[in-house]
file entry.cif (mmCIF, C-alpha atoms)
data_work
loop_
_atom_site.label_atom_id
_atom_site.label_comp_id
_atom_site.auth_asym_id
_atom_site.auth_seq_id
_atom_site.Cartn_x
_atom_site.Cartn_y
_atom_site.Cartn_z
CA MET A 321 90.26 146.11 173.71
CA ALA A 322 90.59 143.19 171.28
CA ALA A 323 92.06 139.86 172.37
CA THR A 324 95.85 139.96 172.66
CA LEU A 325 98.43 137.46 171.54
CA GLY A 326 98.67 136.30 175.16
CA ASP A 327 94.88 135.87 175.42
CA ARG A 328 94.83 133.64 172.33
CA LEU A 329 97.91 131.74 173.49
CA GLY A 330 96.34 130.99 176.88
CA GLU A 331 93.04 129.92 175.33
CA LEU A 332 94.74 127.57 172.84
CA ARG A 333 96.98 126.12 175.54
CA VAL A 334 94.01 125.35 177.79
CA ARG A 335 92.11 123.81 174.87
CA ARG A 336 95.06 121.47 174.29
CA GLY A 337 95.14 120.56 177.98
CA LEU A 338 98.69 121.80 178.43
CA THR A 339 100.30 123.50 181.40
CA GLN A 340 102.59 126.44 180.78
CA GLU A 341 105.52 124.19 181.69
CA ARG A 342 104.49 121.46 179.24
CA LEU A 343 103.94 123.98 176.42
CA ALA A 344 107.34 125.50 177.10
CA GLU A 345 108.90 122.04 176.87
CA LYS A 346 107.13 121.19 173.59
CA ALA A 347 107.98 124.57 172.05
CA ARG A 348 111.57 124.58 173.38
CA LEU A 349 110.99 127.94 175.04
CA SER A 350 111.33 129.23 178.59
CA VAL A 351 108.32 129.13 180.87
CA ASP A 352 109.01 132.80 181.60
CA THR A 353 108.39 133.71 177.94
CA ILE A 354 105.01 131.99 177.93
CA ARG A 355 104.06 133.42 181.32
CA LYS A 356 104.87 136.99 180.26
CA LEU A 357 102.87 136.62 177.05
CA GLU A 358 99.83 135.15 178.77
CA GLN A 359 99.94 137.78 181.52
CA ASN A 360 100.18 140.50 178.84
CA GLN A 361 103.50 141.69 180.15
CA ARG A 362 104.65 141.23 176.57
CA PHE A 363 102.43 141.76 173.56
CA THR A 364 104.83 140.68 170.81
CA ALA A 365 107.19 137.83 170.04
CA ARG A 366 109.64 137.06 167.27
CA MET A 367 108.37 134.96 164.37
CA SER A 368 110.62 132.08 165.38
CA THR A 369 108.92 132.07 168.81
CA LEU A 370 105.45 132.25 167.28
CA ASN A 371 106.27 129.40 164.90
CA ARG A 372 107.50 127.21 167.77
CA LEU A 373 104.35 127.92 169.76
CA ALA A 374 102.13 127.25 166.73
CA ARG A 375 103.81 123.90 166.08
CA ALA A 376 103.52 122.91 169.73
CA LEU A 377 99.81 123.85 169.74
CA ASP A 378 99.18 122.28 166.31
CA VAL A 379 97.74 125.48 164.83
CA GLU A 380 98.76 127.86 162.07
CA THR A 381 100.84 130.82 163.16
CA SER A 382 98.06 133.17 162.08
CA ALA A 383 95.81 131.65 164.76
CA LEU A 384 98.06 133.15 167.41
CA LEU A 385 98.11 136.58 165.80
CA GLY A 386 94.36 136.59 165.18
CA PRO A 387 92.43 138.51 162.53
CA PRO A 388 92.81 142.28 162.20
CA ALA A 389 90.48 143.73 164.82
CA VAL A 390 89.05 146.35 162.48
CA LEU A 391 87.92 143.61 160.08
CA GLU A 392 86.16 141.39 162.58
CA SER A 393 82.43 140.98 161.95
CA SER A 394 79.77 140.08 164.45
CA GLY A 395 78.72 136.48 164.62
CA GLY A 396 82.00 135.28 163.12
CA ALA A 397 80.92 136.03 159.54
CA GLU A 398 83.49 137.39 157.13
CA PRO A 399 83.21 141.05 156.13
CA PRO A 400 81.47 141.52 152.77
CA SER A 401 84.68 142.77 151.12
CA ILE A 402 86.60 139.59 152.00
CA LEU A 403 83.68 137.39 150.99
CA ALA A 404 83.51 139.20 147.63
CA LEU A 405 87.23 138.58 147.09
CA ARG A 406 86.80 134.90 147.93
CA GLN A 407 83.96 134.68 145.41
CA ALA A 408 86.11 136.42 142.80
CA VAL A 409 88.91 133.90 143.31
CA THR A 410 86.51 130.92 143.11
CA PRO A 411 83.58 132.00 140.91
CA LEU A 412 80.75 129.65 140.08
CA SER A 413 82.04 129.40 136.52
CA GLY A 414 84.89 127.32 137.89
CA PHE A 415 82.56 124.42 138.64
CA PRO A 416 81.08 122.17 135.92
CA GLY A 417 77.37 122.65 135.38
CA LEU A 418 77.16 125.98 137.21
CA GLN A 419 78.36 128.32 134.46
CA VAL A 420 74.82 129.44 133.80
CA PHE A 421 74.76 131.20 137.16
CA ASP A 422 77.91 133.23 136.55
CA ALA A 423 77.32 136.90 135.75
CA GLU A 424 80.82 137.18 134.27
CA ASP A 425 79.46 135.74 131.01
CA ASP A 426 77.68 139.05 130.40
CA VAL A 427 80.80 141.21 130.84
CA SER A 428 82.12 142.82 127.67
CA PRO A 429 85.84 142.04 127.81
CA PRO A 430 88.18 145.04 127.94
CA SER A 431 91.16 145.40 125.63
CA VAL A 432 94.58 144.16 126.69
CA ARG A 433 95.72 147.75 127.08
CA GLU A 434 92.79 148.51 129.40
CA LEU A 435 93.56 145.39 131.40
CA ARG A 436 97.18 146.42 131.85
CA ASP A 437 96.16 149.92 132.90
CA SER A 438 93.82 148.43 135.51
CA MET A 439 96.60 146.16 136.76
CA ARG A 440 98.99 149.10 137.16
CA SER A 441 96.36 151.10 139.05
CA THR A 442 95.65 148.16 141.35
CA ASP A 443 99.36 147.66 141.99
CA ASN A 444 99.79 151.31 142.90
CA VAL A 445 96.97 151.09 145.43
CA ARG A 446 98.41 147.89 146.90
CA ARG A 447 101.85 149.42 147.35
CA LYS A 448 100.28 152.23 149.36
CA GLY A 449 98.82 149.66 151.74
CA GLU A 450 95.20 150.63 151.03
CA LEU A 451 93.93 147.13 151.64
CA THR A 452 90.22 147.84 151.81
CA LYS A 453 90.38 149.58 148.44
CA ILE A 454 92.23 146.59 147.00
CA THR A 455 89.47 144.21 148.09
CA ALA A 456 87.02 146.43 146.19
CA LEU A 457 89.16 146.60 143.03
CA LEU A 458 90.31 143.01 142.66
CA PRO A 459 86.97 141.25 141.98
CA ALA A 460 86.31 143.46 138.95
CA LEU A 461 89.87 143.07 137.66
CA LEU A 462 89.74 139.28 138.01
CA ALA A 463 86.38 139.15 136.23
CA ASP A 464 87.66 141.37 133.39
CA ALA A 465 90.86 139.37 132.92
CA ARG A 466 88.98 136.05 132.92
CA ALA A 467 86.51 137.39 130.38
CA ALA A 468 89.32 138.66 128.14
CA ALA A 469 91.27 135.41 128.35
CA GLY A 470 88.16 133.49 127.33
CA HIS A 471 87.28 135.91 124.53
CA TYR A 472 90.53 136.67 122.72
CA SER A 473 92.89 134.40 120.84
CA GLY A 474 96.56 134.40 119.96
CA ALA A 475 98.78 137.10 121.45
CA ASP A 476 95.91 138.97 123.13
CA ARG A 477 94.78 135.79 124.86
CA ALA A 478 98.29 135.14 126.21
CA ALA A 479 98.61 138.77 127.36
CA SER A 480 95.22 138.56 129.11
CA TYR A 481 96.38 135.47 130.98
CA ALA A 482 99.48 137.38 132.11
CA VAL A 483 97.29 140.07 133.68
CA LEU A 484 95.06 137.40 135.20
CA ALA A 485 98.09 135.69 136.74
CA GLU A 486 99.28 138.95 138.31
CA ALA A 487 95.80 139.78 139.60
CA TYR A 488 95.54 136.37 141.25
CA GLN A 489 98.93 136.93 142.88
CA VAL A 490 97.77 140.26 144.31
CA ALA A 491 94.63 138.50 145.56
CA ALA A 492 96.82 135.85 147.22
CA THR A 493 98.95 138.41 149.07
CA THR A 494 95.90 140.44 150.09
CA LEU A 495 94.05 137.42 151.46
CA THR A 496 97.18 136.35 153.33
CA ALA A 497 97.44 139.81 154.90
CA PHE A 498 93.92 139.29 156.23
CA GLY A 499 94.77 135.84 157.62
CA LYS A 500 92.87 133.93 154.90
CA GLU A 501 95.69 131.61 153.86
CA ASP A 502 93.36 128.90 152.54
CA ALA A 503 91.82 131.23 149.97
CA ALA A 504 95.25 132.73 149.28
CA TYR A 505 96.66 129.32 148.37
CA THR A 506 93.77 128.74 145.97
CA ALA A 507 94.38 132.15 144.39
CA LEU A 508 98.04 131.33 143.92
CA GLU A 509 97.25 127.96 142.33
CA ARG A 510 95.04 129.77 139.82
CA SER A 511 97.77 132.33 139.27
CA MET A 512 100.24 129.60 138.33
CA GLU A 513 97.71 128.04 135.94
CA ALA A 514 97.18 131.41 134.25
CA ALA A 515 100.94 132.06 134.14
CA ALA A 516 101.46 128.81 132.23
CA ARG A 517 99.11 130.14 129.51
CA SER A 518 100.60 133.62 129.45
CA ASP A 519 103.29 135.31 127.37
CA ASP A 520 105.45 136.18 130.40
CA PRO A 521 108.05 133.56 131.40
CA HIS A 522 108.87 135.40 134.65
CA LEU A 523 105.44 135.00 136.25
CA GLU A 524 106.21 131.49 137.46
CA THR A 525 109.22 132.79 139.39
CA ILE A 526 107.12 135.55 140.95
CA GLY A 527 104.46 132.99 141.83
CA VAL A 528 106.97 130.80 143.67
CA SER A 529 108.21 133.85 145.56
CA THR A 530 104.63 134.56 146.64
CA LEU A 531 104.14 130.90 147.57
CA SER A 532 107.20 131.06 149.82
CA TRP A 533 105.78 134.14 151.54
CA ILE A 534 102.40 132.45 152.10
CA PHE A 535 104.08 129.32 153.49
CA ALA A 536 106.06 131.50 155.91
CA LYS A 537 102.85 133.18 157.06
CA GLN A 538 101.29 129.75 157.61
CA GLY A 539 104.23 128.59 159.69
CA ARG A 540 105.34 126.12 156.99
CA ILE A 541 108.89 127.39 157.34
CA ALA A 542 110.72 124.41 155.82
CA ASP A 543 108.46 124.52 152.77
CA ALA A 544 108.90 128.30 152.48
CA GLU A 545 112.67 127.92 152.34
CA ARG A 546 112.62 124.86 150.11
CA VAL A 547 110.47 126.32 147.32
CA ALA A 548 112.37 129.63 147.26
CA VAL A 549 115.84 128.08 147.23
CA ARG A 550 114.95 125.39 144.67
CA MET A 551 113.53 127.96 142.28
CA ALA A 552 116.57 130.19 142.83
CA GLU A 553 118.84 127.27 141.92
CA ARG A 554 116.74 126.59 138.84
CA VAL A 555 116.76 130.16 137.51
CA GLU A 556 120.21 131.30 138.73
CA PRO A 557 121.22 133.74 135.99
CA GLY A 558 124.85 134.60 136.65
CA PHE A 559 126.00 138.11 137.37
CA ARG A 560 126.31 139.13 133.73
CA SER A 561 122.68 138.39 132.94
CA ALA A 562 119.88 140.87 132.42
CA SER A 563 119.02 142.95 135.47
CA LEU A 564 115.45 141.61 135.60
CA ASP A 565 116.59 137.98 135.82
CA LEU A 566 119.10 138.91 138.51
CA ALA A 567 116.46 140.85 140.44
CA LEU A 568 114.00 137.95 140.43
CA TRP A 569 116.76 135.61 141.58
CA GLY A 570 117.58 138.03 144.39
CA ILE A 571 113.95 138.17 145.50
CA LEU A 572 113.90 134.38 145.81
CA LEU A 573 117.09 134.48 147.90
CA LEU A 574 115.50 136.99 150.27
CA ARG A 575 112.41 134.78 150.64
CA GLY A 576 114.64 131.81 151.43
CA ALA A 577 116.65 133.86 153.93
CA THR A 578 113.50 134.96 155.73
CA ALA A 579 112.41 131.34 156.09
CA ALA A 580 115.88 130.24 157.26
CA VAL A 581 115.85 132.92 159.96
CA ARG A 582 112.49 131.73 161.23
CA ALA A 583 113.78 128.16 161.22
CA GLU A 584 116.65 129.44 163.40
CA ARG A 585 119.29 128.54 160.83
CA ALA A 586 121.25 131.77 161.00
CA ASP A 587 124.25 130.57 158.95
CA THR A 588 122.06 129.63 155.99
CA ALA A 589 120.15 132.89 156.29
CA GLU A 590 123.30 135.00 156.29
CA GLU A 591 124.67 133.10 153.29
CA LEU A 592 121.49 133.76 151.30
CA LEU A 593 121.44 137.42 152.40
CA SER A 594 125.05 137.80 151.29
CA LEU A 595 124.26 136.40 147.83
CA ALA A 596 121.23 138.67 147.57
CA ALA A 597 123.31 141.70 148.59
CA ALA A 598 125.86 140.88 145.88
CA ALA A 599 123.10 140.62 143.26
CA ALA A 600 121.63 143.91 144.48
CA ALA A 601 125.00 145.64 144.26
CA ARG A 602 125.42 144.34 140.70
CA ILE A 603 122.02 145.81 139.74
CA GLY A 604 122.95 149.09 141.41
CA VAL A 605 119.48 150.58 141.89
CA ASP A 606 116.19 149.11 143.08
CA ARG A 607 113.90 147.80 140.35
CA LEU A 608 110.13 147.44 140.64
CA ASP A 609 109.17 145.27 137.69
CA TYR A 610 106.54 143.24 139.52
CA ALA A 611 105.06 143.37 143.02
CA THR A 612 108.35 143.27 144.94
CA PRO A 613 111.21 145.77 144.61
CA PHE A 614 114.78 144.49 144.50
CA GLY A 615 118.10 146.27 144.71
CA PRO A 616 120.47 147.64 147.36
CA THR A 617 117.67 149.28 149.37
CA ASN A 618 115.32 146.32 149.62
CA ALA A 619 118.18 143.90 150.25
CA GLY A 620 119.26 146.15 153.11
CA VAL A 621 115.73 146.34 154.50
CA ALA A 622 115.46 142.54 154.37
CA THR A 623 118.73 142.22 156.29
CA VAL A 624 117.42 144.52 159.03
CA ASN A 625 114.26 142.40 159.24
CA ALA A 626 116.41 139.26 159.54
CA TYR A 627 118.47 140.68 162.39
CA VAL A 628 115.29 141.69 164.23
CA ASP A 629 113.91 138.16 163.89
CA MET A 630 117.27 136.73 165.02
CA GLY A 631 117.01 138.74 168.22
CA LYS A 632 119.94 141.02 167.33
CA PRO A 633 118.40 144.50 167.65
CA ASP A 634 121.74 146.28 167.91
CA LYS A 635 122.94 144.82 164.59
CA ALA A 636 119.55 145.58 163.03
CA LEU A 637 119.75 149.26 163.97
CA ALA A 638 123.39 149.57 162.94
CA HIS A 639 122.58 148.12 159.52
CA ALA A 640 119.45 150.29 159.18
CA ALA A 641 121.58 153.41 159.50
CA ARG A 642 123.55 152.44 156.37
CA ILE A 643 120.71 151.63 153.94
CA PRO A 644 120.65 153.91 150.87
CA GLY A 645 117.60 155.23 149.04
CA LEU A 646 114.87 154.49 151.56
CA SER A 647 112.65 157.26 150.20
CA GLY A 648 112.36 155.34 146.93
CA LEU A 649 110.71 152.29 148.52
CA PRO A 650 106.96 151.71 148.04
CA PRO A 651 105.05 152.94 151.11
CA THR A 652 104.24 149.49 152.49
CA TRP A 653 107.89 148.39 152.30
CA LEU A 654 109.05 151.58 153.99
CA ALA A 655 106.39 151.27 156.71
CA ARG A 656 107.49 147.67 157.33
CA HIS A 657 111.08 148.91 157.71
CA HIS A 658 109.99 151.53 160.26
CA LEU A 659 108.18 148.76 162.14
CA ASP A 660 111.35 146.63 162.18
CA ARG A 661 113.25 149.58 163.63
CA ALA A 662 110.51 150.06 166.21
CA GLN A 663 110.74 146.41 167.25
CA ALA A 664 114.52 146.68 167.61
CA TYR A 665 114.25 149.83 169.73
CA ALA A 666 111.51 148.28 171.88
CA GLU A 667 113.59 145.16 172.52
CA MET A 668 116.38 147.44 173.77
CA HIS A 669 113.82 149.36 175.90
CA ARG A 670 114.39 152.55 173.94
CA ASP A 671 110.66 153.19 173.94
CA GLY A 672 110.76 156.82 172.83
CA GLU A 673 112.64 155.92 169.66
CA ALA A 674 110.36 152.92 169.13
CA THR A 675 107.34 155.20 169.31
CA ARG A 676 108.85 157.65 166.82
CA ALA A 677 109.52 154.77 164.40
CA LEU A 678 105.91 153.59 164.75
CA LEU A 679 104.63 157.09 164.07
CA ALA A 680 106.81 157.20 160.95
CA ALA A 681 105.23 153.91 159.82
CA GLU A 682 101.77 155.34 160.41
CA ARG A 683 102.56 158.47 158.38
CA THR A 684 103.90 156.32 155.56
CA ALA A 685 101.06 153.78 155.29
CA PRO A 686 98.24 154.56 157.76
CA GLU A 687 95.76 151.93 156.61
CA TRP A 688 98.45 149.26 156.49
CA MET A 689 99.16 150.03 160.16
CA ARG A 690 95.52 149.41 161.09
CA TYR A 691 95.55 145.92 159.57
CA HIS A 692 99.08 144.77 160.40
CA GLY A 693 99.06 142.43 163.37
CA THR A 694 102.66 142.95 164.50
CA SER A 695 102.34 146.73 164.52
CA ARG A 696 99.17 146.55 166.61
CA HIS A 697 100.76 144.17 169.12
CA LEU A 698 103.84 146.37 169.46
CA VAL A 699 101.74 149.50 169.99
CA ALA A 700 99.80 147.66 172.71
CA GLU A 701 103.02 146.54 174.39
CA LEU A 702 104.53 150.02 174.39
CA ARG A 703 101.24 151.50 175.59
CA GLY A 704 101.33 149.08 178.53
CA ARG A 705 104.77 150.39 179.49
CA GLU A 706 103.76 154.07 179.24
CA LEU A 707 102.04 155.59 182.27
CA ARG A 708 101.28 159.06 180.90
CA ARG A 709 97.72 159.50 179.65
CA GLY A 710 98.55 162.08 177.00
CA SER A 711 101.54 160.28 175.51
CA PRO A 712 102.08 159.85 171.73
CA ILE A 713 101.86 156.05 172.04
CA ARG A 714 98.47 156.30 173.77
CA GLU A 715 97.21 158.59 171.03
CA LEU A 716 98.44 156.10 168.42
CA ALA A 717 96.70 153.25 170.27
CA VAL A 718 93.45 155.24 170.14
CA ARG A 719 93.81 155.91 166.41
CA LEU A 720 94.40 152.21 165.75
CA GLU A 721 91.36 151.37 167.90
CA ILE A 722 93.51 149.35 170.27
CA GLU A 723 92.37 151.57 173.12
CA GLY A 724 89.17 153.55 173.56
#
call {"tool": "encode", "arguments": {"input": "entry.cif", "output": "structure tokens"}}
result
Amino acid sequence: MAATLGDRLGELRVRRGLTQERLAEKARLSVDTIRKLEQNQRFTARMSTLNRLARALDVETSALLGPPAVLESSGGAEPPSILALRQAVTPLSGFPGLQVFDAEDDVSPPSVRELRDSMRSTDNVRRKGELTKITALLPALLADARAAAGHYSGADRAASYAVLAEAYQVAATTLTAFGKEDAAYTALERSMEAAARSDDPHLETIGVSTLSWIFAKQGRIADAERVAVRMAERVEPGFRSASLDLALWGILLLRGATAAVRAERADTAEELLSLAAAAAARIGVDRLDYATPFGPTNAGVATVNAYVDMGKPDKALAHAARIPGLSGLPPTWLARHHLDRAQAYAEMHRDGEATRALLAAERTAPEWMRYHGTSRHLVAELRGRELRRGSPIRELAVRLEIEG
């Protein structure tokens, strides 16, 4: 079985020369919490707990969660698919004097229409949670969009840069999902540069939303909240504005709320969630103009996630029962919602219902489940509490390669 959260926590604590008591003091947590994690009596923790531990240990939060087990390569080398995506984000043509070595110069640039079709196809795959397929698709899309932006002029050039900006954003979220936040940040920087040359004024807003998400994954919670809220203040459209502007504003509010929850500022989080819910109600139905849906359903799902992170599983489940239109969510969003429900049930020791929620997540986005750290940790925790050999949670653990 792969290293658990508790295994990594214990190793990092010993490396820092800290006792469990001293780590608990630095992280403002109970010694019992740390002891249970390190003894693998618990396999999961709320993001606020993970962020406190990461700060106390002076590591990124992702270091505690570890890389997805199914992507680990022998000898510590990155899998070829991730290396290829890194190379696509930072090709040799980006460095002076090395352009001669870049094979992209020989690519015949596609038309803007072909680029947009490729972007839509890539987005559809990403929403299904097929991460390995995304790592295969993105390098070619990035190369095509760069070639087109360098080849065309006028309106076609600006449109090519818009596709390039979106492709970089997808690369940033994909790399973050695999725990490669350094490369993700570079991808997002390049996305913002491309957005500034594009014909789409909304791409900057989407880029800031993605930046907030990456900062949250890195444990930079204050920065995650700051960039989301500042951009929301800058673009605030008013409730009579176009639905797209209102939707993008709402997405920023949800990002800010997520960060506020993880910073343990519940009042701020609930205020931002309330504003987002009002914007969603004004829109009336979830929109999916870019990578993130927004409307009553996604605002409701985000509220459930917030209550789970706040340690209020009863409120999370009560709110989950009232969310409309769940079947219309993209698969990865719906799977994430099932995982939130599973976490809430598990915290209340309603393990049968937690298992059923996890199985629903697996049916919705099976590959996403294999790569998602929180889902794997929760399956391991529930498996540890289940004594029957032929139980559904054991079978799920086997499918996810958590257990042989």
call {"tool": "atom_distance", "arguments": {"input": "entry.cif", "atom1": "atom CA of Thr410 of chain A", "atom2": "atom CA of Ala479 of chain A"}}
result
21.4 Å
call {"tool": "resolve_selection", "arguments": {"input": "entry.cif", "expression": "the PyMOL selection byres ((chain A and resi 686-689) around 10)", "output": "ChimeraX atom specification"}}
result
/A:446-452,497,651-652,655-656,659,678-685,690-696,719-720
call {"tool": "residues_around", "arguments": {"input": "entry.cif", "residues": "segment 353-363 of chain A", "least_positions_apart": "3", "cutoff": "9 Å", "atoms": "only C-alpha atoms", "output": "list in words"}}
result
Thr324, Leu325, Gly326, Asp327, Arg328, Leu329, Gly330, Gln340, Glu341, Leu343, Ala344, Leu349, Ser350, His697, Leu698, Val699, Ala700, Glu701, Leu702, Gly704 and Arg705 of chain A
call {"tool": "closest_residue", "arguments": {"input": "entry.cif", "among": "A:Gly527, A:Gly499, A:Pro613, A:Gly672", "to": "Glu380 of chain A", "atoms": "only C-alpha atoms"}}
result
A:Gly499
call {"tool": "closest_residue", "arguments": {"input": "entry.cif", "among": "A:Leu574, A:Leu373, A:Arg366, A:Arg546", "to": "Ala664 of chain A", "atoms": "all atoms listed in the file"}}
result
A:Arg366
call {"tool": "closest_residue", "arguments": {"input": "entry.cif", "among": "A:Arg477, A:Glu501, A:Ala677, A:Asp443", "to": "Ala515 of chain A", "atoms": "all atoms listed in the file"}}
result
A:Arg477
call {"tool": "resolve_selection", "arguments": {"input": "entry.cif", "expression": "the PyMOL selection byres ((chain A and resi 521-525) around 10)", "output": "count of residues only"}}
result
33
call {"tool": "atom_distance", "arguments": {"input": "entry.cif", "atom1": "atom CA of Val549 of chain A", "atom2": "atom CA of Leu637 of chain A"}}
result
27.3 Å
call {"tool": "resolve_selection", "arguments": {"input": "entry.cif", "expression": "the PyMOL selection byres ((chain A and resi 432-438) around 9)", "output": "VMD selection string"}}
result
chain A and resid 430 to 431 439 to 443 461 464 to 465 468 476 to 477 479 to 480 483 to 484
call {"tool": "residues_around", "arguments": {"input": "entry.cif", "residues": "Thr494 of chain A", "least_positions_apart": "2", "cutoff": "8 Å", "atoms": "only C-alpha atoms", "output": "PyMOL selection string"}}
result
chain A and resi 451+454-455+490-492+496-498+504
call {"tool": "atom_distance", "arguments": {"input": "entry.cif", "atom1": "atom CA of Ala622 of chain A", "atom2": "atom CA of Asp671 of chain A"}}
result
22.8 Å
call {"tool": "residues_around", "arguments": {"input": "entry.cif", "residues": "Ala641 of chain A", "least_positions_apart": "4", "cutoff": "10 Å", "atoms": "all atoms listed in the file", "output": "compact mmCIF listing (two decimals) with C-alpha atoms, in the coordinates of the input"}}
result
# COMPACT_ATOMS: atom_id res chain seq x y z
CA GLY A 620 119.26 146.15 153.11
CA VAL A 624 117.42 144.52 159.03
CA ALA A 636 119.55 145.58 163.03
CA LEU A 637 119.75 149.26 163.97
call {"tool": "residues_around", "arguments": {"input": "entry.cif", "residues": "Leu462 of chain A", "least_positions_apart": "2", "cutoff": "8 Å", "atoms": "only C-alpha atoms", "output": "list in words"}}
result
Ala408, Val409, Leu458, Pro459, Ala460, Asp464, Ala465, Arg466, Leu484, Ala487 and Tyr488 of chain A
call {"tool": "closest_residue", "arguments": {"input": "entry.cif", "among": "A:Ala456, A:Leu384, A:Ala536, A:Ile722", "to": "Ser401 of chain A", "atoms": "all atoms listed in the file"}}
result
A:Ala456
call {"tool": "closest_residue", "arguments": {"input": "entry.cif", "among": "A:Leu646, A:Leu654, A:Met630, A:Ala562", "to": "Ala589 of chain A", "atoms": "all atoms listed in the file"}}
result
A:Met630
call {"tool": "closest_residue", "arguments": {"input": "entry.cif", "among": "A:Arg709, A:Arg602, A:His657, A:Arg540", "to": "Gly558 of chain A", "atoms": "all atoms listed in the file"}}
result
A:Arg602
call {"tool": "decode", "arguments": {"input": "entry.cif", "residues": "segment 345-364 of chain A", "atoms": "N, CA and C atoms", "output": "PDB file, in the first residue's frame"}}
result
ATOM      1  N   GLU A 345       1.565  22.163  19.001  1.00  0.00           N
ATOM      2  CA  GLU A 345       1.611  23.541  19.488  1.00  0.00           C
ATOM      3  C   GLU A 345       1.806  24.523  18.334  1.00  0.00           C
ATOM      4  N   LYS A 346       2.744  24.218  17.432  1.00  0.00           N
ATOM      5  CA  LYS A 346       3.012  25.115  16.301  1.00  0.00           C
ATOM      6  C   LYS A 346       1.813  25.206  15.348  1.00  0.00           C
ATOM      7  N   ALA A 347       1.114  24.085  15.172  1.00  0.00           N
ATOM      8  CA  ALA A 347      -0.002  24.048  14.231  1.00  0.00           C
ATOM      9  C   ALA A 347      -1.322  24.440  14.884  1.00  0.00           C
ATOM     10  N   ARG A 348      -1.309  24.669  16.200  1.00  0.00           N
ATOM     11  CA  ARG A 348      -2.535  24.987  16.939  1.00  0.00           C
ATOM     12  C   ARG A 348      -3.584  23.887  16.757  1.00  0.00           C
ATOM     13  N   LEU A 349      -3.123  22.650  16.941  1.00  0.00           N
ATOM     14  CA  LEU A 349      -3.986  21.479  16.860  1.00  0.00           C
ATOM     15  C   LEU A 349      -3.803  20.635  18.116  1.00  0.00           C
ATOM     16  N   SER A 350      -4.698  19.693  18.315  1.00  0.00           N
ATOM     17  CA  SER A 350      -4.547  18.793  19.465  1.00  0.00           C
ATOM     18  C   SER A 350      -3.519  17.710  19.149  1.00  0.00           C
ATOM     19  N   VAL A 351      -2.822  17.266  20.170  1.00  0.00           N
ATOM     20  CA  VAL A 351      -1.866  16.178  20.005  1.00  0.00           C
ATOM     21  C   VAL A 351      -2.598  14.921  19.541  1.00  0.00           C
ATOM     22  N   ASP A 352      -3.833  14.755  19.989  1.00  0.00           N
ATOM     23  CA  ASP A 352      -4.611  13.575  19.630  1.00  0.00           C
ATOM     24  C   ASP A 352      -4.837  13.503  18.119  1.00  0.00           C
ATOM     25  N   THR A 353      -5.070  14.657  17.482  1.00  0.00           N
ATOM     26  CA  THR A 353      -5.260  14.684  16.026  1.00  0.00           C
ATOM     27  C   THR A 353      -4.012  14.188  15.316  1.00  0.00           C
ATOM     28  N   ILE A 354      -2.860  14.692  15.726  1.00  0.00           N
ATOM     29  CA  ILE A 354      -1.602  14.286  15.095  1.00  0.00           C
ATOM     30  C   ILE A 354      -1.307  12.819  15.372  1.00  0.00           C
ATOM     31  N   ARG A 355      -1.558  12.380  16.591  1.00  0.00           N
ATOM     32  CA  ARG A 355      -1.292  10.981  16.937  1.00  0.00           C
ATOM     33  C   ARG A 355      -2.159  10.036  16.101  1.00  0.00           C
ATOM     34  N   LYS A 356      -3.437  10.354  15.962  1.00  0.00           N
ATOM     35  CA  LYS A 356      -4.332   9.492  15.188  1.00  0.00           C
ATOM     36  C   LYS A 356      -3.935   9.440  13.708  1.00  0.00           C
ATOM     37  N   LEU A 357      -3.495  10.584  13.171  1.00  0.00           N
ATOM     38  CA  LEU A 357      -3.051  10.590  11.778  1.00  0.00           C
ATOM     39  C   LEU A 357      -1.802   9.737  11.608  1.00  0.00           C
ATOM     40  N   GLU A 358      -0.823   9.941  12.470  1.00  0.00           N
ATOM     41  CA  GLU A 358       0.442   9.216  12.330  1.00  0.00           C
ATOM     42  C   GLU A 358       0.282   7.713  12.599  1.00  0.00           C
ATOM     43  N   GLN A 359      -0.669   7.360  13.435  1.00  0.00           N
ATOM     44  CA  GLN A 359      -0.912   5.943  13.706  1.00  0.00           C
ATOM     45  C   GLN A 359      -1.897   5.325  12.714  1.00  0.00           C
ATOM     46  N   ASN A 360      -2.276   6.122  11.700  1.00  0.00           N
ATOM     47  CA  ASN A 360      -3.210   5.665  10.663  1.00  0.00           C
ATOM     48  C   ASN A 360      -4.554   5.209  11.238  1.00  0.00           C
ATOM     49  N   GLN A 361      -4.932   5.853  12.338  1.00  0.00           N
ATOM     50  CA  GLN A 361      -6.294   5.680  12.825  1.00  0.00           C
ATOM     51  C   GLN A 361      -7.251   6.585  12.045  1.00  0.00           C
ATOM     52  N   ARG A 362      -6.672   7.637  11.482  1.00  0.00           N
ATOM     53  CA  ARG A 362      -7.399   8.519  10.565  1.00  0.00           C
ATOM     54  C   ARG A 362      -6.552   8.691   9.323  1.00  0.00           C
ATOM     55  N   PHE A 363      -7.215   8.648   8.169  1.00  0.00           N
ATOM     56  CA  PHE A 363      -6.488   8.785   6.909  1.00  0.00           C
ATOM     57  C   PHE A 363      -6.781  10.104   6.201  1.00  0.00           C
ATOM     58  N   THR A 364      -7.675  10.903   6.748  1.00  0.00           N
ATOM     59  CA  THR A 364      -8.026  12.173   6.119  1.00  0.00           C
ATOM     60  C   THR A 364      -8.029  13.271   7.172  1.00  0.00           C
TER      61      THR A 364
END
